[in-house]
file query11.cif (mmCIF, C-alpha atoms)
data_data
loop_
_atom_site.group_PDB
_atom_site.id
_atom_site.type_symbol
_atom_site.label_atom_id
_atom_site.label_comp_id
_atom_site.auth_asym_id
_atom_site.auth_seq_id
_atom_site.Cartn_x
_atom_site.Cartn_y
_atom_site.Cartn_z
ATOM 1 C CA MET A 418 0.000 0.000 0.000
ATOM 2 C CA ILE A 419 1.392 3.394 -0.947
ATOM 3 C CA MET A 420 2.005 5.511 2.108
ATOM 4 C CA GLU A 421 1.338 9.192 1.970
ATOM 5 C CA GLY A 422 3.556 11.835 3.511
ATOM 6 C CA VAL A 423 4.571 15.453 3.194
ATOM 7 C CA MET A 424 7.741 16.752 1.577
ATOM 8 C CA GLY A 425 7.772 20.436 2.440
ATOM 9 C CA VAL A 426 4.172 21.152 1.400
ATOM 10 C CA THR A 427 0.766 20.261 2.736
ATOM 11 C CA GLY A 428 -2.688 19.614 1.413
ATOM 12 C CA ASP A 429 -3.316 18.578 -2.176
ATOM 13 C CA LYS A 430 0.224 19.515 -3.206
ATOM 14 C CA ALA A 431 1.913 17.010 -0.864
ATOM 15 C CA LEU A 432 4.182 14.376 -2.407
ATOM 16 C CA ARG A 433 2.985 10.812 -1.975
ATOM 17 C CA LEU A 434 5.835 8.815 -0.458
ATOM 18 C CA SER A 435 6.041 5.263 -1.814
ATOM 19 C CA VAL A 436 7.256 2.219 0.112
ATOM 20 C CA GLU A 437 8.262 -1.056 -1.512
ATOM 21 C CA ARG A 438 6.261 -4.176 -0.712
ATOM 22 C CA PRO A 439 6.203 -7.717 -2.186
ATOM 23 C CA ALA A 440 4.047 -8.221 -5.258
ATOM 24 C CA SER A 441 1.560 -11.048 -5.697
ATOM 25 C CA THR A 442 2.975 -12.970 -8.669
ATOM 26 C CA ALA A 443 3.387 -16.621 -9.668
ATOM 27 C CA SER A 444 6.213 -18.820 -10.822
ATOM 28 C CA GLY A 445 6.445 -18.875 -14.593
ATOM 29 C CA TYR A 446 7.384 -22.547 -14.782
ATOM 30 C CA GLY A 447 3.995 -23.771 -13.609
ATOM 31 C CA MET A 448 2.238 -21.441 -16.021
ATOM 32 C CA LEU A 449 4.590 -22.621 -18.771
ATOM 33 C CA LEU A 450 3.296 -26.170 -18.213
ATOM 34 C CA VAL A 451 -0.284 -24.908 -18.474
ATOM 35 C CA LEU A 452 0.645 -23.091 -21.687
ATOM 36 C CA LEU A 453 2.063 -26.279 -23.183
ATOM 37 C CA LEU A 454 -1.093 -28.197 -22.229
ATOM 38 C CA VAL A 455 -3.232 -25.566 -23.965
ATOM 39 C CA LEU A 456 -0.934 -25.700 -26.989
ATOM 40 C CA VAL A 457 -1.497 -29.474 -27.257
ATOM 41 C CA ALA A 458 -5.119 -29.730 -26.107
ATOM 42 C CA ALA A 459 -6.641 -26.967 -28.252
ATOM 43 C CA PRO A 460 -5.551 -28.410 -31.657
ATOM 44 C CA ALA A 461 -6.469 -31.924 -30.511
ATOM 45 C CA LEU A 462 -9.963 -30.779 -29.511
ATOM 46 C CA ALA A 463 -10.421 -28.921 -32.773
ATOM 47 C CA ILE A 464 -9.370 -31.969 -34.793
ATOM 48 C CA TRP A 465 -11.661 -34.251 -32.791
ATOM 49 C CA ARG A 466 -14.657 -31.965 -33.362
ATOM 50 C CA GLY A 467 -13.803 -31.647 -37.003
ATOM 51 C CA ASN A 468 -13.720 -35.416 -37.398
ATOM 52 C CA ALA A 469 -17.089 -35.576 -35.633
ATOM 53 C CA GLY A 470 -18.565 -33.294 -38.282
ATOM 54 C CA ASP A 471 -18.876 -30.282 -35.988
ATOM 55 C CA GLY A 472 -17.097 -27.651 -38.086
ATOM 56 C CA LEU A 473 -18.364 -24.741 -36.004
ATOM 57 C CA GLY A 474 -17.247 -26.393 -32.771
ATOM 58 C CA ALA A 475 -13.846 -27.117 -34.246
ATOM 59 C CA GLY A 476 -13.413 -23.479 -35.258
ATOM 60 C CA LEU A 477 -14.519 -22.226 -31.841
ATOM 61 C CA SER A 478 -12.185 -24.657 -30.109
ATOM 62 C CA GLY A 479 -9.246 -23.450 -32.162
ATOM 63 C CA LEU A 480 -10.167 -19.790 -31.594
ATOM 64 C CA ILE A 481 -10.608 -20.194 -27.845
ATOM 65 C CA GLY A 482 -7.383 -22.183 -27.596
ATOM 66 C CA GLY A 483 -5.483 -19.472 -29.478
ATOM 67 C CA LEU A 484 -6.887 -16.720 -27.252
ATOM 68 C CA VAL A 485 -6.016 -18.658 -24.099
ATOM 69 C CA PHE A 486 -2.521 -19.253 -25.461
ATOM 70 C CA LEU A 487 -1.999 -15.538 -26.164
ATOM 71 C CA PHE A 488 -3.464 -14.610 -22.772
ATOM 72 C CA LEU A 489 -1.078 -16.873 -20.893
ATOM 73 C CA ALA A 490 1.941 -15.970 -23.028
ATOM 74 C CA ALA A 491 1.441 -12.226 -22.395
ATOM 75 C CA GLY A 492 1.915 -12.690 -18.652
ATOM 76 C CA PHE A 493 5.460 -14.082 -18.730
ATOM 77 C CA TYR A 494 8.556 -12.056 -17.827
ATOM 78 C CA LEU A 495 12.138 -12.793 -16.752
ATOM 79 C CA LEU A 496 14.045 -11.477 -13.739
ATOM 80 C CA GLN A 497 17.820 -11.757 -13.483
ATOM 81 C CA PRO A 498 19.715 -11.831 -10.158
ATOM 82 C CA ASN A 499 19.635 -8.457 -8.376
ATOM 83 C CA GLN A 500 16.799 -7.216 -10.546
ATOM 84 C CA GLY A 501 13.263 -6.277 -9.569
ATOM 85 C CA ALA A 502 9.996 -5.610 -11.363
ATOM 86 C CA ALA A 503 7.465 -3.103 -10.077
ATOM 87 C CA ILE A 504 3.929 -4.312 -10.827
ATOM 88 C CA LEU A 505 1.305 -1.686 -11.704
ATOM 89 C CA LEU A 506 -2.427 -2.038 -12.285
ATOM 90 C CA PHE A 507 -3.735 0.889 -14.321
ATOM 91 C CA GLY A 508 -1.075 3.139 -12.806
ATOM 92 C CA ASP A 509 -1.551 1.900 -9.228
ATOM 93 C CA TYR A 510 1.541 0.359 -7.611
ATOM 94 C CA ARG A 511 0.800 -3.247 -6.573
ATOM 95 C CA GLY A 512 4.200 -4.321 -5.271
ATOM 96 C CA THR A 513 7.668 -5.365 -6.428
ATOM 97 C CA ASP A 514 8.724 -8.845 -7.519
ATOM 98 C CA ARG A 515 12.363 -9.711 -6.693
ATOM 99 C CA VAL A 516 12.211 -13.485 -7.280
ATOM 100 C CA THR A 517 14.625 -14.409 -10.077
ATOM 101 C CA GLY A 518 13.834 -16.654 -13.016
ATOM 102 C CA LEU A 519 10.717 -17.071 -15.147
ATOM 103 C CA ARG A 520 7.753 -15.255 -13.580
ATOM 104 C CA TRP A 521 4.102 -14.774 -14.481
ATOM 105 C CA THR A 522 1.369 -12.314 -13.604
ATOM 106 C CA TRP A 523 -1.877 -11.180 -15.167
ATOM 107 C CA PRO A 524 -1.337 -9.754 -18.640
ATOM 108 C CA TRP A 525 -2.975 -6.433 -17.793
ATOM 109 C CA MET A 526 -0.359 -5.831 -15.112
ATOM 110 C CA VAL A 527 2.432 -3.488 -16.240
ATOM 111 C CA LYS A 528 5.957 -4.628 -15.329
ATOM 112 C CA LYS A 529 8.626 -1.944 -14.830
ATOM 113 C CA LYS A 530 12.024 -3.548 -14.335
ATOM 114 C CA ILE A 531 14.697 -1.885 -12.224
ATOM 115 C CA SER A 532 18.239 -2.905 -11.334
ATOM 116 C CA VAL A 533 19.176 -3.242 -7.662
ATOM 117 C CA ARG A 534 22.791 -4.038 -8.478
ATOM 118 C CA ILE A 535 25.712 -1.994 -7.157
ATOM 119 C CA HIS A 536 26.485 1.129 -9.197
ATOM 120 C CA ASN A 537 29.907 2.748 -9.324
ATOM 121 C CA VAL A 538 30.043 6.437 -10.274
ATOM 122 C CA THR A 539 33.084 8.693 -10.600
ATOM 123 C CA SER A 540 32.106 12.338 -10.612
ATOM 124 C CA ASP A 541 33.622 15.023 -12.804
ATOM 125 C CA LYS A 542 36.331 17.296 -11.395
ATOM 126 C CA LEU A 543 34.560 20.118 -9.590
ATOM 127 C CA LYS A 544 36.044 23.483 -8.706
ATOM 128 C CA VAL A 545 35.129 24.334 -5.110
ATOM 129 C CA ASN A 546 36.240 27.069 -2.710
ATOM 130 C CA ASP A 547 37.550 25.485 0.486
ATOM 131 C CA LEU A 548 37.009 26.867 3.991
ATOM 132 C CA ARG A 549 39.689 29.549 3.454
ATOM 133 C CA GLY A 550 38.344 30.574 0.065
ATOM 134 C CA ASN A 551 41.033 28.851 -2.002
ATOM 135 C CA PRO A 552 39.726 27.247 -5.221
ATOM 136 C CA VAL A 553 40.404 23.515 -5.281
ATOM 137 C CA GLU A 554 39.535 20.727 -7.696
ATOM 138 C CA ILE A 555 37.704 17.722 -6.230
ATOM 139 C CA ALA A 556 36.413 14.492 -7.742
ATOM 140 C CA SER A 557 34.837 11.558 -5.925
ATOM 141 C CA ASN A 558 33.934 7.930 -6.457
ATOM 142 C CA VAL A 559 30.580 6.782 -5.066
ATOM 143 C CA VAL A 560 29.268 3.221 -4.727
ATOM 144 C CA TRP A 561 25.484 3.086 -4.458
ATOM 145 C CA ARG A 562 22.493 0.803 -5.039
ATOM 146 C CA VAL A 563 18.708 0.946 -5.062
ATOM 147 C CA THR A 564 17.171 -0.531 -1.907
ATOM 148 C CA ASP A 565 13.571 0.698 -2.288
ATOM 149 C CA THR A 566 12.362 0.211 -5.854
ATOM 150 C CA ALA A 567 9.063 1.999 -5.250
ATOM 151 C CA GLN A 568 10.756 5.199 -4.114
ATOM 152 C CA ALA A 569 13.303 5.042 -6.949
ATOM 153 C CA LEU A 570 10.618 4.665 -9.625
ATOM 154 C CA PHE A 571 7.782 6.800 -8.311
ATOM 155 C CA ASP A 572 9.183 9.439 -5.909
ATOM 156 C CA VAL A 573 11.793 10.944 -8.254
ATOM 157 C CA ASP A 574 11.608 11.585 -11.976
ATOM 158 C CA ASP A 575 14.926 9.911 -12.872
ATOM 159 C CA TYR A 576 16.725 8.294 -9.943
ATOM 160 C CA ARG A 577 20.072 7.951 -11.777
ATOM 161 C CA GLU A 578 20.173 11.627 -12.712
ATOM 162 C CA PHE A 579 18.971 12.507 -9.213
ATOM 163 C CA VAL A 580 21.876 10.607 -7.624
ATOM 164 C CA ASN A 581 24.442 12.167 -9.975
ATOM 165 C CA ILE A 582 23.222 15.682 -9.173
ATOM 166 C CA GLN A 583 23.222 14.999 -5.436
ATOM 167 C CA ILE A 584 26.787 13.650 -5.646
ATOM 168 C CA GLU A 585 27.937 16.949 -7.110
ATOM 169 C CA SER A 586 25.983 18.913 -4.503
ATOM 170 C CA ALA A 587 27.375 16.847 -1.599
ATOM 171 C CA VAL A 588 30.969 17.129 -2.839
ATOM 172 C CA ARG A 589 30.629 20.910 -3.074
ATOM 173 C CA ALA A 590 29.158 21.074 0.435
ATOM 174 C CA ILE A 591 31.918 18.958 1.999
ATOM 175 C CA GLY A 592 34.676 20.756 0.073
ATOM 176 C CA SER A 593 33.592 24.128 1.442
ATOM 177 C CA ARG A 594 33.613 22.945 5.084
ATOM 178 C CA TYR A 595 37.325 22.159 5.362
ATOM 179 C CA PRO A 596 40.593 23.793 4.344
ATOM 180 C CA TYR A 597 42.743 22.079 1.763
ATOM 181 C CA ASP A 598 45.717 21.814 4.108
ATOM 182 C CA ASP A 599 46.940 22.974 7.526
ATOM 183 C CA TYR A 600 50.613 22.696 8.488
ATOM 184 C CA GLU A 601 49.884 23.455 12.120
ATOM 185 C CA HIS A 602 47.586 20.407 12.351
ATOM 186 C CA ASP A 603 45.019 22.336 14.376
ATOM 187 C CA GLU A 604 42.016 21.324 12.276
ATOM 188 C CA LYS A 605 40.865 18.601 9.944
ATOM 189 C CA THR A 606 41.737 19.100 6.288
ATOM 190 C CA LEU A 607 40.719 17.699 2.935
ATOM 191 C CA ARG A 608 44.227 16.399 2.231
ATOM 192 C CA GLY A 609 45.231 15.168 5.654
ATOM 193 C CA ASP A 610 42.015 13.491 6.865
ATOM 194 C CA ALA A 611 40.847 11.447 3.898
ATOM 195 C CA GLU A 612 39.021 8.810 5.951
ATOM 196 C CA HIS A 613 37.077 11.387 7.947
ATOM 197 C CA ILE A 614 36.179 13.335 4.801
ATOM 198 C CA ALA A 615 35.030 10.137 3.061
ATOM 199 C CA ASP A 616 32.811 9.156 5.995
ATOM 200 C CA GLU A 617 31.254 12.601 6.224
ATOM 201 C CA LEU A 618 30.699 12.675 2.473
ATOM 202 C CA ARG A 619 28.874 9.339 2.661
ATOM 203 C CA VAL A 620 26.627 10.561 5.482
ATOM 204 C CA GLU A 621 25.945 13.853 3.688
ATOM 205 C CA LEU A 622 25.095 12.095 0.432
ATOM 206 C CA GLN A 623 22.935 9.463 2.133
ATOM 207 C CA GLU A 624 20.757 12.171 3.636
ATOM 208 C CA ARG A 625 20.284 13.688 0.195
ATOM 209 C CA VAL A 626 19.353 10.506 -1.714
ATOM 210 C CA ILE A 627 17.256 8.689 0.889
ATOM 211 C CA ALA A 628 14.102 10.100 -0.730
ATOM 212 C CA ALA A 629 14.989 8.162 -3.905
ATOM 213 C CA GLY A 630 15.275 4.810 -2.126
ATOM 214 C CA VAL A 631 19.052 4.709 -2.642
ATOM 215 C CA THR A 632 21.716 3.492 -0.204
ATOM 216 C CA ILE A 633 25.286 4.812 -0.336
ATOM 217 C CA ASP A 634 27.786 2.040 0.408
ATOM 218 C CA GLU A 635 31.072 3.905 -0.021
ATOM 219 C CA CYS A 636 32.508 7.307 -0.930
ATOM 220 C CA ARG A 637 36.112 8.211 -1.703
ATOM 221 C CA LEU A 638 37.877 11.303 -3.024
ATOM 222 C CA THR A 639 39.684 10.347 -6.233
ATOM 223 C CA HIS A 640 41.170 13.757 -7.073
ATOM 224 C CA LEU A 641 42.172 16.664 -4.864
ATOM 225 C CA ALA A 642 44.371 19.570 -5.952
ATOM 226 C CA TYR A 643 44.536 23.339 -5.986
ATOM 227 C CA ALA A 644 42.984 24.952 -9.030
ATOM 228 C CA GLN A 645 45.443 25.776 -11.805
ATOM 229 C CA GLU A 646 45.232 29.536 -11.339
ATOM 230 C CA ILE A 647 46.656 29.338 -7.803
ATOM 231 C CA ALA A 648 48.577 26.069 -7.957
ATOM 232 C CA GLN A 649 52.023 27.674 -8.374
ATOM 233 C CA SER A 650 51.405 30.279 -5.681
ATOM 234 C CA MET A 651 50.149 27.699 -3.216
ATOM 235 C CA LEU A 652 53.120 25.452 -4.014
ATOM 236 C CA ARG A 653 55.535 28.243 -3.100
ATOM 237 C CA ARG A 654 53.501 28.905 0.028
ATOM 238 C CA GLN A 655 53.632 25.241 0.987
ATOM 239 C CA GLN A 656 57.378 25.166 0.422
ATOM 240 C CA ALA A 657 57.859 28.263 2.573
ATOM 241 C CA GLN A 658 55.692 26.847 5.345
ATOM 242 C CA ALA A 659 57.586 23.559 5.168
ATOM 243 C CA VAL A 660 60.928 25.396 5.459
ATOM 244 C CA VAL A 661 59.697 27.416 8.438
ATOM 245 C CA ALA A 662 58.359 24.285 10.152
ATOM 246 C CA ALA A 663 61.647 22.457 9.560
ATOM 247 C CA ARG A 664 63.687 25.416 10.863
ATOM 248 C CA GLN A 665 61.522 25.608 13.954
ATOM 249 C CA THR A 666 62.075 21.941 14.719
ATOM 250 C CA LEU A 667 65.805 22.299 14.063
ATOM 251 C CA VAL A 668 66.186 25.293 16.372
ATOM 252 C CA GLU A 669 64.222 23.623 19.155
ATOM 253 C CA GLY A 670 66.471 20.579 18.919
ATOM 254 C CA ALA A 671 69.644 22.702 18.812
ATOM 255 C CA VAL A 672 68.654 24.697 21.892
ATOM 256 C CA GLY A 673 68.057 21.486 23.795
ATOM 257 C CA MET A 674 71.425 20.064 22.781
ATOM 258 C CA VAL A 675 73.280 23.286 23.737
ATOM 259 C CA GLU A 676 71.524 23.392 27.080
ATOM 260 C CA MET A 677 72.399 19.756 27.734
ATOM 261 C CA ALA A 678 76.062 20.334 26.786
ATOM 262 C CA LEU A 679 76.451 23.337 29.090
ATOM 263 C CA ASP A 680 74.746 21.544 31.970
ATOM 264 C CA GLN A 681 76.991 18.493 31.660
ATOM 265 C CA LEU A 682 80.154 20.615 31.373
ATOM 266 C CA SER A 683 79.201 22.435 34.555
ATOM 267 C CA ALA A 684 78.056 19.308 36.406
ATOM 268 C CA LYS A 685 81.296 17.418 35.689
ATOM 269 C CA ASN A 686 83.535 20.464 36.275
ATOM 270 C CA VAL A 687 85.161 20.011 32.888
ATOM 271 C CA VAL A 688 85.633 23.725 32.396
ATOM 272 C CA GLU A 689 84.464 26.925 34.029
ATOM 273 C CA LEU A 690 83.225 29.623 31.677
ATOM 274 C CA ASP A 691 82.395 33.206 32.382
ATOM 275 C CA ASP A 692 79.335 34.786 30.783
ATOM 276 C CA GLU A 693 81.241 36.057 27.737
ATOM 277 C CA ARG A 694 82.862 32.700 26.927
ATOM 278 C CA ARG A 695 79.617 30.920 27.710
ATOM 279 C CA ALA A 696 77.804 33.152 25.180
ATOM 280 C CA ALA A 697 80.544 32.505 22.600
ATOM 281 C CA MET A 698 80.219 28.746 23.054
ATOM 282 C CA VAL A 699 76.445 28.935 22.715
ATOM 283 C CA SER A 700 76.859 30.959 19.532
ATOM 284 C CA ASN A 701 79.338 28.500 18.049
ATOM 285 C CA LEU A 702 77.222 25.476 18.927
ATOM 286 C CA MET A 703 74.100 27.045 17.413
ATOM 287 C CA VAL A 704 76.006 27.823 14.215
ATOM 288 C CA VAL A 705 77.239 24.237 13.991
ATOM 289 C CA LEU A 706 73.849 22.677 14.755
ATOM 290 C CA CYS A 707 71.655 25.011 12.713
ATOM 291 C CA GLY A 708 73.882 25.665 9.713
ATOM 292 C CA GLU A 709 72.829 24.275 6.339
ATOM 293 C CA ARG A 710 76.455 23.460 5.395
ATOM 294 C CA ASP A 711 79.172 21.615 7.246
ATOM 295 C CA THR A 712 81.281 23.946 9.400
ATOM 296 C CA GLN A 713 85.107 24.039 9.236
ATOM 297 C CA PRO A 714 86.716 23.643 12.669
ATOM 298 C CA ILE A 715 89.471 26.022 13.774
ATOM 299 C CA VAL A 716 91.917 24.700 16.359
ATOM 300 C CA ASN A 717 92.951 27.215 19.009
ATOM 301 C CA ALA A 718 96.573 26.452 19.911
ATOM 302 C CA GLY A 719 96.769 29.207 22.524
ATOM 303 C CA SER A 720 94.833 29.743 25.699
ATOM 304 C CA LEU A 721 91.095 30.002 25.896
ATOM 305 C CA TYR A 722 91.229 33.800 26.157
ATOM 306 C CA GLN A 723 93.530 34.495 23.192
#
call {"tool": "encode", "arguments": {"input": "query11.cif", "output": "structure tokens"}}
result
Amino acid sequence: MIMEGVMGVTGDKALRLSVERPASTASGYGMLLVLLLVLVAAPALAIWRGNAGDGLGAGLSGLIGGLVFLFLAAGFYLLQPNQGAAILLFGDYRGTDRVTGLRWTWPWMVKKKISVRIHNVTSDKLKVNDLRGNPVEIASNVVWRVTDTAQALFDVDDYREFVNIQIESAVRAIGSRYPYDDYEHDEKTLRGDAEHIADELRVELQERVIAAGVTIDECRLTHLAYAQEIAQSMLRRQQAQAVVAARQTLVEGAVGMVEMALDQLSAKNVVELDDERRAAMVSNLMVVLCGERDTQPIVNAGSLYQ
């Protein structure tokens, strides 16, 4: 029975929400046996009446047998695995048949077949502004299937086109919620949190296509890059940020090593340094540890203060 609901409007303009239910159909193999019996019995009866001198009866027998044959033959249809057939009676939905093989129903029933197999769609590359306003190119791969044939056929005009449009809309929505990258690792990003982005994209898309009786099994980003007009600028920015981050790590490590060296020299009474010599040693150690090139040692053959 078709359930009625409201999709944003009320009264006579409300959308009737369909729900799949099993259809009342029969196995085609039993009806095929009946068809063969009619095919054999009708000519035999016509011949018998003709031999008995009843020409009119023979003609009627042949005519009735032919009509019964055509009536039965018009009710057959085939269903492959993972395929369904929505049964309609004068436009009224009477259920969905998902039993595979040779099937039969009344000839005046309309059969609308629909695939419930898994579909794999790769979207086009979309240009989206991320959270910081940078234009990025995004493409996604979506695995989906029809789980409610009634909703897919009767609640949307074209469920395949509907899903494709909603994929584009969901990708744009997710792309605008996150920045492309973040070197400080303070927030989730499109590039650095692929699993989280994929899960959120699946949830976002599922909410959009549930009205079409579609289930989203998996979503993945297949392409992610800055748009061409800013790609070179963002590459230089990334390189600069990477250099700064590396320098920061290097300096922090060097300071720790210098501090450790001075503490151990003082603790073991290896040498006593005044503030000036202590500052000179710190300067030399920082140059050695933080320099990009290997330093050349200079041996002091005199005293420490010469």
call {"tool": "resolve_selection", "arguments": {"input": "query11.cif", "expression": "the PyMOL selection byres ((chain A and resi 557) around 10)", "output": "NGL selection string"}}
result
:A and (538-543 or 555-556 or 558-559 or 584-585 or 588 or 615 or 618 or 636-641)
call {"tool": "resolve_selection", "arguments": {"input": "query11.cif", "expression": "the PyMOL selection byres ((chain A and resi 502) around 7)", "output": "ChimeraX atom specification"}}
result
/A:501,503-504,513-515,528-531
call {"tool": "residues_around", "arguments": {"input": "query11.cif", "residues": "Pro596 in chain A", "least_positions_apart": "4", "cutoff": "8 Å", "atoms": "all atoms listed in the file", "output": "PyMOL selection string"}}
result
chain A and resi 547-549+592+605-607
call {"tool": "resolve_selection", "arguments": {"input": "query11.cif", "expression": "the PyMOL selection byres ((chain A and resi 511) around 10)", "output": "list in words"}}
result
Met418, Ile419, Glu437, Arg438, Pro439, Ala440, Ser441, Ala503, Ile504, Leu505, Leu506, Phe507, Gly508, Asp509, Tyr510, Gly512, Thr513, Asp514, Met526, Val527 and Ala567 of chain A
call {"tool": "atom_distance", "arguments": {"input": "query11.cif", "atom1": "CA of Ala587 in chain A", "atom2": "CA of Val620 in chain A"}}
result
9.5 Å
call {"tool": "closest_residue", "arguments": {"input": "query11.cif", "among": "A:Val436, A:Val485, A:Leu496, A:Ala662", "to": "Val451 in chain A", "atoms": "all atoms listed in the file"}}
result
A:Val485
call {"tool": "build_atoms", "arguments": {"input": "query11.cif", "residues": "range 434-441 of chain A", "atoms": "all heavy atoms", "output": "compact mmCIF listing (two decimals), in the frame of the given file"}}
result
# COMPACT_ATOMS: atom_id res chain seq x y z
N LEU A 434 4.62 9.58 -0.68
CA LEU A 434 5.84 8.82 -0.46
C LEU A 434 5.54 7.33 -0.63
O LEU A 434 4.68 6.78 0.05
CB LEU A 434 6.39 9.09 0.94
CG LEU A 434 6.75 10.55 1.23
CD1 LEU A 434 7.31 10.69 2.63
CD2 LEU A 434 7.74 11.07 0.21
N SER A 435 6.26 6.68 -1.53
CA SER A 435 6.04 5.26 -1.81
C SER A 435 6.95 4.40 -0.95
O SER A 435 8.05 4.80 -0.59
CB SER A 435 6.32 4.98 -3.29
OG SER A 435 5.54 5.82 -4.12
N VAL A 436 6.48 3.20 -0.65
CA VAL A 436 7.26 2.22 0.11
C VAL A 436 7.15 0.88 -0.58
O VAL A 436 6.04 0.43 -0.93
CB VAL A 436 6.76 2.10 1.57
CG1 VAL A 436 7.54 1.02 2.31
CG2 VAL A 436 6.90 3.43 2.29
N GLU A 437 8.27 0.23 -0.81
CA GLU A 437 8.26 -1.06 -1.51
C GLU A 437 7.59 -2.14 -0.67
O GLU A 437 7.76 -2.21 0.55
CB GLU A 437 9.70 -1.46 -1.84
CG GLU A 437 9.80 -2.80 -2.57
CD GLU A 437 11.23 -3.21 -2.84
OE1 GLU A 437 12.07 -2.32 -3.05
OE2 GLU A 437 11.50 -4.43 -2.83
N ARG A 438 6.87 -3.01 -1.35
CA ARG A 438 6.26 -4.18 -0.71
C ARG A 438 6.26 -5.33 -1.71
O ARG A 438 6.35 -5.11 -2.92
CB ARG A 438 4.84 -3.87 -0.26
CG ARG A 438 3.87 -3.61 -1.38
CD ARG A 438 2.47 -3.38 -0.80
NE ARG A 438 1.47 -3.24 -1.85
CZ ARG A 438 1.20 -2.12 -2.50
NH1 ARG A 438 1.88 -1.02 -2.20
NH2 ARG A 438 0.27 -2.07 -3.43
N PRO A 439 6.18 -6.58 -1.25
CA PRO A 439 6.20 -7.72 -2.19
C PRO A 439 4.96 -7.73 -3.07
O PRO A 439 3.85 -7.42 -2.63
CB PRO A 439 6.24 -8.94 -1.26
CG PRO A 439 6.73 -8.41 0.05
CD PRO A 439 6.22 -7.01 0.14
N ALA A 440 5.16 -8.12 -4.31
CA ALA A 440 4.05 -8.22 -5.26
C ALA A 440 3.49 -9.64 -5.25
O ALA A 440 4.18 -10.61 -4.93
CB ALA A 440 4.52 -7.84 -6.66
N SER A 441 2.22 -9.75 -5.60
CA SER A 441 1.56 -11.05 -5.70
C SER A 441 1.70 -11.57 -7.12
O SER A 441 0.92 -11.21 -8.00
CB SER A 441 0.08 -10.92 -5.30
OG SER A 441 -0.56 -12.17 -5.41
